[in-house]
Structures are given as structure tokens and as C-alpha cells.
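Single-structure report; data block below.
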Amino acid sequence: MIDYIPAKRILTRNKSTDWFGADHTMNLYRGCSHGCIYCDSRSECYRDDDFDRVKVKEKALELLRDELRRKARPALIAMGSMSDPYNPLERELELTRKALMLIHAYEHGVAVCTKSDLILRDADLYADIQAQAPVICKLTVTTTDDALAAKLEPGAPSPSRRLKALEGLSKNGIFAGVVLMPVLPFIEDSVENVLAVVDAAADAGARFIYPAFGMTLRDRQRAYYYEQLVHQFPGVRERYEKQYGERYWCVSPRAKELWAAF
């Protein structure tokens, strides 16, 4: 059963273009099924009490069409900030694919971030958009260890599959690369892990790698993450509590070493 929720608009103007140059954000869905134990979108401020269930915004494509055609100047539209645009429902509904068709028709650009290899399905549309506007395809990969990723991101396609999708996008001439974040302290923040991602991304044809050696933690996000640490990584929660307390931005103690290696 698919849950539909009302929506008044689909595009949100960003306060800053610092994040890959995007001046608008688009979310056709609400919530995410990837189950990433560290996800900031679980936080109280986002007001999604059922975050792990994907909901569909009503009349999303109609709203998007009307908003795009009212734009006086081309926009660079970000996807994947609050919910992954390539969740399992997308295989059936194709809202992201149809939204890309509209973005192309109205000559706007797109910057997408995903943990799903389903993005490769839309390589043709990204190529079409790129012929007339900016395109940035970002695959999140924080480890090349599929077994570790299965603990951290249990509902997401494996890093191996994401890297294959990156390779496919690159072979189609699409500007694509890796978002190497969050690199979880005491779990992923080793030189060996970081360089394994760098090497795998390079082998897949990545045009860029964008890292952050640490993570954020606040309210419900922290509570959920700590609960998962107890089950998956015994003893690590205590290390977080000692190192960071109630801090929001939790930089890896090895950040300087990781930057040098990167």
C-alpha cells in the first residue's frame, strides 16, 4: 500500500548555493527506506515521525510542472537531501524519471544524490539534460566493505552496486562522482577505508570525491544511532559519549591524518 501525503509545492529555494551550486531543492517523496543508522533526517526538526516509511507527495508532477514553467531563469535543482529519489517505490511510480523529463523540457539543471544503483536507469535523461544545463550525479559511498555497509545502511543497495552504477554513468559521459560522507568515527575513519573508496571511485570513472571525516548528531538522530551502536558495534557508543558528549558536529579524531592521506 502506498501512502500519499498532501503537498503545496515541490521546489524549495535554497538559502545558499554552497552545496554543489544548487539553488533549489526538490523532494517528490518523504521518508526513506534505506534505514541508514546515522541519518540526520531522523532529527526532531524535520517532523517526520515515520521516517523509515516512504510517502508520496500528491500531485507532485503537476506541481513541479507549474513551478518550473514559472521560473524566469534556469535553476539547478538538488534531489536527495531529505529522501532518496531512487527508493523502491520509484521502480513502479517513476516520479523521479518523469520529473527529470520535466526538468529537461523546461531547460533546468539537476544535482542528484543517491545510494541506489537505480540511478543508472535514467542515464539517458541525465545525458539529455547535460547537453543544455548542468548535471551532477553523486553516489554516496563511505566504505567499499559490503558487509559493513549492510550494518550501516541495511536497506540500501551495496557499495559494489553503487560503484557499478557510477561506472555506467561515467561511461555515458555524465558528470558523476562520490560523496564520501559521513565517515563514521571509530567505525570507518581509517586511512585504509578512505583510500579504498578513493581507489574504487577512480576505477569507476569518478570526476570528483567530496569527503567529510565525521558526522552530525542531534536529538532523535543521536538516540537512534546510539541504540544501533549497542547492537551492531558493542563498546563504540561509550567512545562517542566520552569523545563528543552532546556535540552536534562530531569530527573524527583522525581527521587531520585522513585529510593528509586523501
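The chains in the C-alpha cells are called A, B, ... from first to last as shown; in each chain the residues are counted from 1, and the ligands are counted from 1 in the order shown.
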**Message:** So that I can see what lies close to segment 51-61 of chain A, please list as number ranges by chain the residues with an atom at most 6 Å from it, counting only C-alpha atoms and leaving out residues fewer than 2 positions away in the same chain.
**Reply:** A: 3-7, 28-33, 48-49, 63-64
For segment 217-221 of chain A: contacts at 8 Å, only C-alpha atoms, fewer than 3 positions along chain excluded, given as a CSV table (one decimal) with N, CA, C and O atoms, in the first residue's frame:
chain,number,residue,atom,x,y,z
A,38,TYR,N,22.7,6.3,10.8
A,38,TYR,CA,23.3,7.6,11.1
A,38,TYR,C,22.5,8.8,10.6
A,38,TYR,O,22.9,9.9,10.8
A,39,CYS,N,21.4,8.6,9.9
A,39,CYS,CA,20.7,9.6,9.1
A,39,CYS,C,20.2,10.8,9.9
A,39,CYS,O,19.5,10.6,10.9
A,40,ASP,N,20.6,12.0,9.5
A,40,ASP,CA,20.3,13.2,10.2
A,40,ASP,C,18.8,13.5,10.0
A,40,ASP,O,18.2,14.2,10.8
A,41,SER,N,18.2,13.0,9.0
A,41,SER,CA,16.8,13.3,8.7
A,41,SER,C,15.8,12.7,9.7
A,41,SER,O,14.6,12.9,9.7
A,42,ARG,N,16.3,11.9,10.6
A,42,ARG,CA,15.5,11.4,11.8
A,42,ARG,C,15.3,12.5,12.8
A,42,ARG,O,14.5,12.3,13.7
A,43,SER,N,16.0,13.6,12.7
A,43,SER,CA,16.0,14.6,13.8
A,43,SER,C,14.6,15.2,13.9
A,43,SER,O,13.8,15.3,13.0
A,44,GLU,N,14.4,15.7,15.2
A,44,GLU,CA,13.1,16.2,15.5
A,44,GLU,C,12.7,17.4,14.6
A,44,GLU,O,11.5,17.6,14.3
A,224,TYR,N,18.7,7.2,18.1
A,224,TYR,CA,18.6,6.0,17.2
A,224,TYR,C,20.0,5.5,16.9
A,224,TYR,O,20.2,4.2,16.9
A,225,TYR,N,20.9,6.3,16.6
A,225,TYR,CA,22.3,5.9,16.3
A,225,TYR,C,22.9,5.1,17.4
A,225,TYR,O,23.5,4.0,17.2
A,246,GLU,N,27.3,16.0,24.0
A,246,GLU,CA,26.1,16.4,23.3
A,246,GLU,C,26.4,17.2,22.1
A,246,GLU,O,25.6,17.9,21.5
A,247,ARG,N,27.6,17.1,21.6
A,247,ARG,CA,28.1,17.9,20.5
A,247,ARG,C,27.3,17.6,19.2
A,247,ARG,O,27.0,16.4,19.0
A,248,TYR,N,27.0,18.6,18.4
A,248,TYR,CA,26.3,18.3,17.1
A,248,TYR,C,27.3,17.8,16.0
A,248,TYR,O,27.0,16.8,15.4
A,249,TRP,N,28.4,18.6,15.8
A,249,TRP,CA,29.3,18.2,14.7
A,249,TRP,C,30.4,17.4,15.3
A,249,TRP,O,31.2,17.9,16.2
A,250,CYS,N,30.5,16.1,15.0
A,250,CYS,CA,31.4,15.2,15.6
A,250,CYS,C,32.6,14.8,14.6
A,250,CYS,O,32.4,13.9,13.8
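Distances here use only C-alpha atoms; by that measure, the residue among A:Asp66, A:Ala196, A:Arg161, A:Leu76 closest to Thr17 of chain A is A:Leu76.
Closest approach to Val179 of chain A among A:Met1, A:Met101, A:Val191, A:Cys137: A:Cys137, based on only C-alpha atoms.
Ranking A:Val141, A:Leu11, A:Ala201, A:Thr114 by their shortest atom-to-atom distance to Ser81 of chain A, with only C-alpha atoms included, puts A:Thr114 first.
Of note, atom CA of Leu120 of chain A and atom CA of Leu163 of chain A are spaced 10.7 Å apart.
Those residues that approach Asn193 of chain A to within 10 Å, counting only C-alpha atoms, are Thr142, Thr143, Thr144, Asp145, Val183, Ile187, Glu188, Asp189, Val197, Val198 and Leu258 of chain A; same-chain residues fewer than 4 positions away are not listed.
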**Asked** Counting only C-alpha atoms, what is within 7 Å of Val178 of chain A, bar same-chain residues fewer than 3 positions away, as a ChimeraX atom specification?
**Response** /A:138-141,201,206,208-210
Next, the residues of the selection above should be written as an mmCIF file, in the first residue's frame with N, CA and C atoms.
data_model
loop_
_atom_site.group_PDB
_atom_site.id
_atom_site.type_symbol
_atom_site.label_atom_id
_atom_site.label_comp_id
_atom_site.auth_asym_id
_atom_site.auth_seq_id
_atom_site.Cartn_x
_atom_site.Cartn_y
_atom_site.Cartn_z
ATOM 1 N N LYS A 138 25.715 12.305 -7.860
ATOM 2 C CA LYS A 138 26.534 11.966 -6.695
ATOM 3 C C LYS A 138 26.065 10.638 -6.119
ATOM 4 N N LEU A 139 26.980 9.687 -6.018
ATOM 5 C CA LEU A 139 26.705 8.410 -5.362
ATOM 6 C C LEU A 139 27.384 8.425 -3.999
ATOM 7 N N THR A 140 26.614 8.221 -2.931
ATOM 8 C CA THR A 140 27.203 8.168 -1.600
ATOM 9 C C THR A 140 27.865 6.818 -1.377
ATOM 10 N N VAL A 141 29.167 6.848 -1.119
ATOM 11 C CA VAL A 141 29.929 5.633 -0.806
ATOM 12 C C VAL A 141 30.894 5.988 0.319
ATOM 13 N N ALA A 201 36.487 4.595 -6.468
ATOM 14 C CA ALA A 201 35.830 5.677 -7.200
ATOM 15 C C ALA A 201 36.606 6.023 -8.469
ATOM 16 N N ALA A 206 35.029 8.196 -11.515
ATOM 17 C CA ALA A 206 34.525 9.365 -10.791
ATOM 18 C C ALA A 206 35.251 10.628 -11.225
ATOM 19 N N PHE A 208 34.878 13.395 -9.326
ATOM 20 C CA PHE A 208 35.146 14.090 -8.073
ATOM 21 C C PHE A 208 34.869 13.148 -6.904
ATOM 22 N N ILE A 209 35.471 13.455 -5.754
ATOM 23 C CA ILE A 209 35.129 12.816 -4.481
ATOM 24 C C ILE A 209 35.028 13.938 -3.454
ATOM 25 N N TYR A 210 33.908 13.985 -2.738
ATOM 26 C CA TYR A 210 33.650 15.068 -1.784
ATOM 27 C C TYR A 210 33.540 14.458 -0.390
#
**Message:** Residues near Arg97 of chain A, anyone? I mean within 10 Å using only C-alpha atoms, not counting same-chain ones fewer than 2 positions away, as a list in words.
**Reply:** Pro85, Tyr86, Glu90, Arg91, Leu93, Glu94, Leu95, Ala99, Leu100, Met101, Leu102, Ile103, Ile119, Arg121, Asp122, Leu125 and Tyr126 of chain A
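Residues within 8 Å of Glu153 of chain A, counting only C-alpha atoms and excluding same-chain residues fewer than 2 positions away, are His34, Gly35, Cys36, Ile37, Ala149, Ala150, Lys151, Gly155 and Ala156 of chain A.
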Please produce a file of those selected residues containing N, CA, C and O atoms, as a compact mmCIF listing (two decimals), in the first residue's frame.
# COMPACT_ATOMS: atom_id res chain seq x y z
N HIS A 34 16.05 3.26 3.30
CA HIS A 34 17.41 2.72 3.34
C HIS A 34 17.85 2.33 4.74
O HIS A 34 18.79 1.56 4.91
N GLY A 35 17.22 2.90 5.76
CA GLY A 35 17.49 2.50 7.13
C GLY A 35 18.88 2.85 7.63
O GLY A 35 19.38 2.20 8.57
N CYS A 36 19.52 3.86 7.07
CA CYS A 36 20.87 4.23 7.49
C CYS A 36 20.86 4.62 8.98
O CYS A 36 20.07 5.47 9.39
N ILE A 37 21.71 3.99 9.75
CA ILE A 37 21.63 4.15 11.20
C ILE A 37 22.05 5.54 11.65
O ILE A 37 21.74 5.95 12.78
N ALA A 149 28.74 -2.08 5.19
CA ALA A 149 27.66 -1.22 4.70
C ALA A 149 26.29 -1.82 5.02
O ALA A 149 25.34 -1.08 5.30
N ALA A 150 26.17 -3.13 5.01
CA ALA A 150 24.89 -3.78 5.32
C ALA A 150 24.47 -3.52 6.75
O ALA A 150 23.27 -3.53 7.06
N LYS A 151 25.42 -3.28 7.64
CA LYS A 151 25.09 -2.92 9.02
C LYS A 151 24.72 -1.45 9.14
O LYS A 151 23.84 -1.08 9.91
N GLY A 155 19.03 -1.06 4.25
CA GLY A 155 18.03 -1.10 3.18
C GLY A 155 18.52 -0.57 1.85
O GLY A 155 17.77 -0.54 0.87
N ALA A 156 19.79 -0.18 1.80
CA ALA A 156 20.33 0.44 0.59
C ALA A 156 21.07 -0.60 -0.25
O ALA A 156 21.60 -1.57 0.27
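Between atom CA of Tyr46 of chain A and atom CA of Thr25 of chain A lies a distance of 14.9 Å.
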**Request:** From a DSSP pass on the backbone, collect the residues of segment 139-262 of chain A flagged as alpha helix (DSSP H) and hand them back as a PyMOL selection string.
**Result:** chain A and resi 146-152+159-171+191-203+219-232+236-244+255-261
**Asked** What are the DSSP strand (DSSP E) residues of segment 16-227 of chain A, as JSON, numbers by chain?
**Response** {"A": [24, 25, 26, 29, 30, 55, 56, 57, 76, 77, 78, 79, 109, 110, 111, 112, 113, 114, 135, 136, 137, 138, 139, 140, 176, 177, 178, 179, 180, 209, 210, 211, 214, 215, 216]}
The selected residues should be written to file as a PDB file, in the first residue's frame (atoms: C-alpha atoms).
ATOM      1  CA  HIS A  24      16.567  24.841  -5.389  1.00  0.00           C
ATOM      2  CA  THR A  25      15.749  21.556  -3.680  1.00  0.00           C
ATOM      3  CA  MET A  26      13.145  19.037  -4.821  1.00  0.00           C
ATOM      4  CA  TYR A  29       8.885  11.638  -1.693  1.00  0.00           C
ATOM      5  CA  ARG A  30       9.001  11.972   2.093  1.00  0.00           C
ATOM      6  CA  LYS A  55       5.401   8.542   1.430  1.00  0.00           C
ATOM      7  CA  VAL A  56       4.479  10.033  -1.946  1.00  0.00           C
ATOM      8  CA  LYS A  57       3.554  13.682  -2.360  1.00  0.00           C
ATOM      9  CA  LEU A  76      19.947  23.960 -10.623  1.00  0.00           C
ATOM     10  CA  ILE A  77      17.678  21.603  -8.701  1.00  0.00           C
ATOM     11  CA  ALA A  78      19.009  19.326  -5.963  1.00  0.00           C
ATOM     12  CA  MET A  79      17.456  15.900  -5.321  1.00  0.00           C
ATOM     13  CA  GLY A 109      19.806  21.614 -14.407  1.00  0.00           C
ATOM     14  CA  VAL A 110      19.935  18.921 -11.740  1.00  0.00           C
ATOM     15  CA  ALA A 111      22.226  17.761  -8.925  1.00  0.00           C
ATOM     16  CA  VAL A 112      21.183  14.361  -7.573  1.00  0.00           C
ATOM     17  CA  CYS A 113      22.489  12.418  -4.577  1.00  0.00           C
ATOM     18  CA  THR A 114      21.575   8.762  -4.040  1.00  0.00           C
ATOM     19  CA  VAL A 135      24.213  17.886 -14.260  1.00  0.00           C
ATOM     20  CA  ILE A 136      25.928  16.493 -11.153  1.00  0.00           C
ATOM     21  CA  CYS A 137      25.298  12.859 -10.185  1.00  0.00           C
ATOM     22  CA  LYS A 138      26.534  11.966  -6.695  1.00  0.00           C
ATOM     23  CA  LEU A 139      26.705   8.410  -5.362  1.00  0.00           C
ATOM     24  CA  THR A 140      27.203   8.168  -1.600  1.00  0.00           C
ATOM     25  CA  ALA A 176      29.372  11.909 -11.748  1.00  0.00           C
ATOM     26  CA  GLY A 177      31.331  11.193  -8.595  1.00  0.00           C
ATOM     27  CA  VAL A 178      31.298  10.106  -4.969  1.00  0.00           C
ATOM     28  CA  VAL A 179      30.098  11.743  -1.775  1.00  0.00           C
ATOM     29  CA  LEU A 180      32.337  10.271   0.927  1.00  0.00           C
ATOM     30  CA  ILE A 209      35.129  12.816  -4.481  1.00  0.00           C
ATOM     31  CA  TYR A 210      33.650  15.068  -1.784  1.00  0.00           C
ATOM     32  CA  PRO A 211      34.583  13.966   1.762  1.00  0.00           C
ATOM     33  CA  GLY A 214      32.979  12.900  10.796  1.00  0.00           C
ATOM     34  CA  MET A 215      29.220  13.110  11.240  1.00  0.00           C
ATOM     35  CA  THR A 216      26.393  15.091  12.826  1.00  0.00           C
TER      36      THR A 216
END
**Message:** Can you tell me which residues surround Val236 of chain A at a distance of at most 9 Å, considering only C-alpha atoms, apart from same-chain residues fewer than 6 positions away, and format the answer as a ChimeraX atom specification?
**Reply:** /A:186-187,226,229-230
Residues from last step as file, N, CA, C and O atoms, as a PDB file, in the first residue's frame:
ATOM      1  N   PHE A 186      35.427   5.995  14.630  1.00  0.00           N
ATOM      2  CA  PHE A 186      35.643   4.705  15.296  1.00  0.00           C
ATOM      3  C   PHE A 186      35.084   3.516  14.517  1.00  0.00           C
ATOM      4  O   PHE A 186      35.160   2.386  14.984  1.00  0.00           O
ATOM      5  N   ILE A 187      34.519   3.762  13.338  1.00  0.00           N
ATOM      6  CA  ILE A 187      33.965   2.669  12.524  1.00  0.00           C
ATOM      7  C   ILE A 187      34.563   2.686  11.117  1.00  0.00           C
ATOM      8  O   ILE A 187      35.010   1.654  10.608  1.00  0.00           O
ATOM      9  N   TYR A 226      22.788   5.686  18.606  1.00  0.00           N
ATOM     10  CA  TYR A 226      23.378   5.041  19.775  1.00  0.00           C
ATOM     11  C   TYR A 226      22.744   3.683  20.048  1.00  0.00           C
ATOM     12  O   TYR A 226      23.432   2.729  20.443  1.00  0.00           O
ATOM     13  N   LEU A 229      24.298   1.314  17.647  1.00  0.00           N
ATOM     14  CA  LEU A 229      25.681   1.015  18.012  1.00  0.00           C
ATOM     15  C   LEU A 229      25.747  -0.084  19.070  1.00  0.00           C
ATOM     16  O   LEU A 229      26.605  -0.971  19.007  1.00  0.00           O
ATOM     17  N   VAL A 230      24.835  -0.025  20.032  1.00  0.00           N
ATOM     18  CA  VAL A 230      24.823  -1.028  21.094  1.00  0.00           C
ATOM     19  C   VAL A 230      24.667  -2.425  20.506  1.00  0.00           C
ATOM     20  O   VAL A 230      25.332  -3.380  20.931  1.00  0.00           O
TER      21      VAL A 230
END
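Here atom CA of Pro88 of chain A and atom CA of Pro157 of chain A stand 10.4 Å from one another.
Comparing A:Asn172, A:Gln232, A:Thr12, A:Ser252 by their smallest distance to Leu148 of chain A, the closest is A:Gln232 (using only C-alpha atoms).
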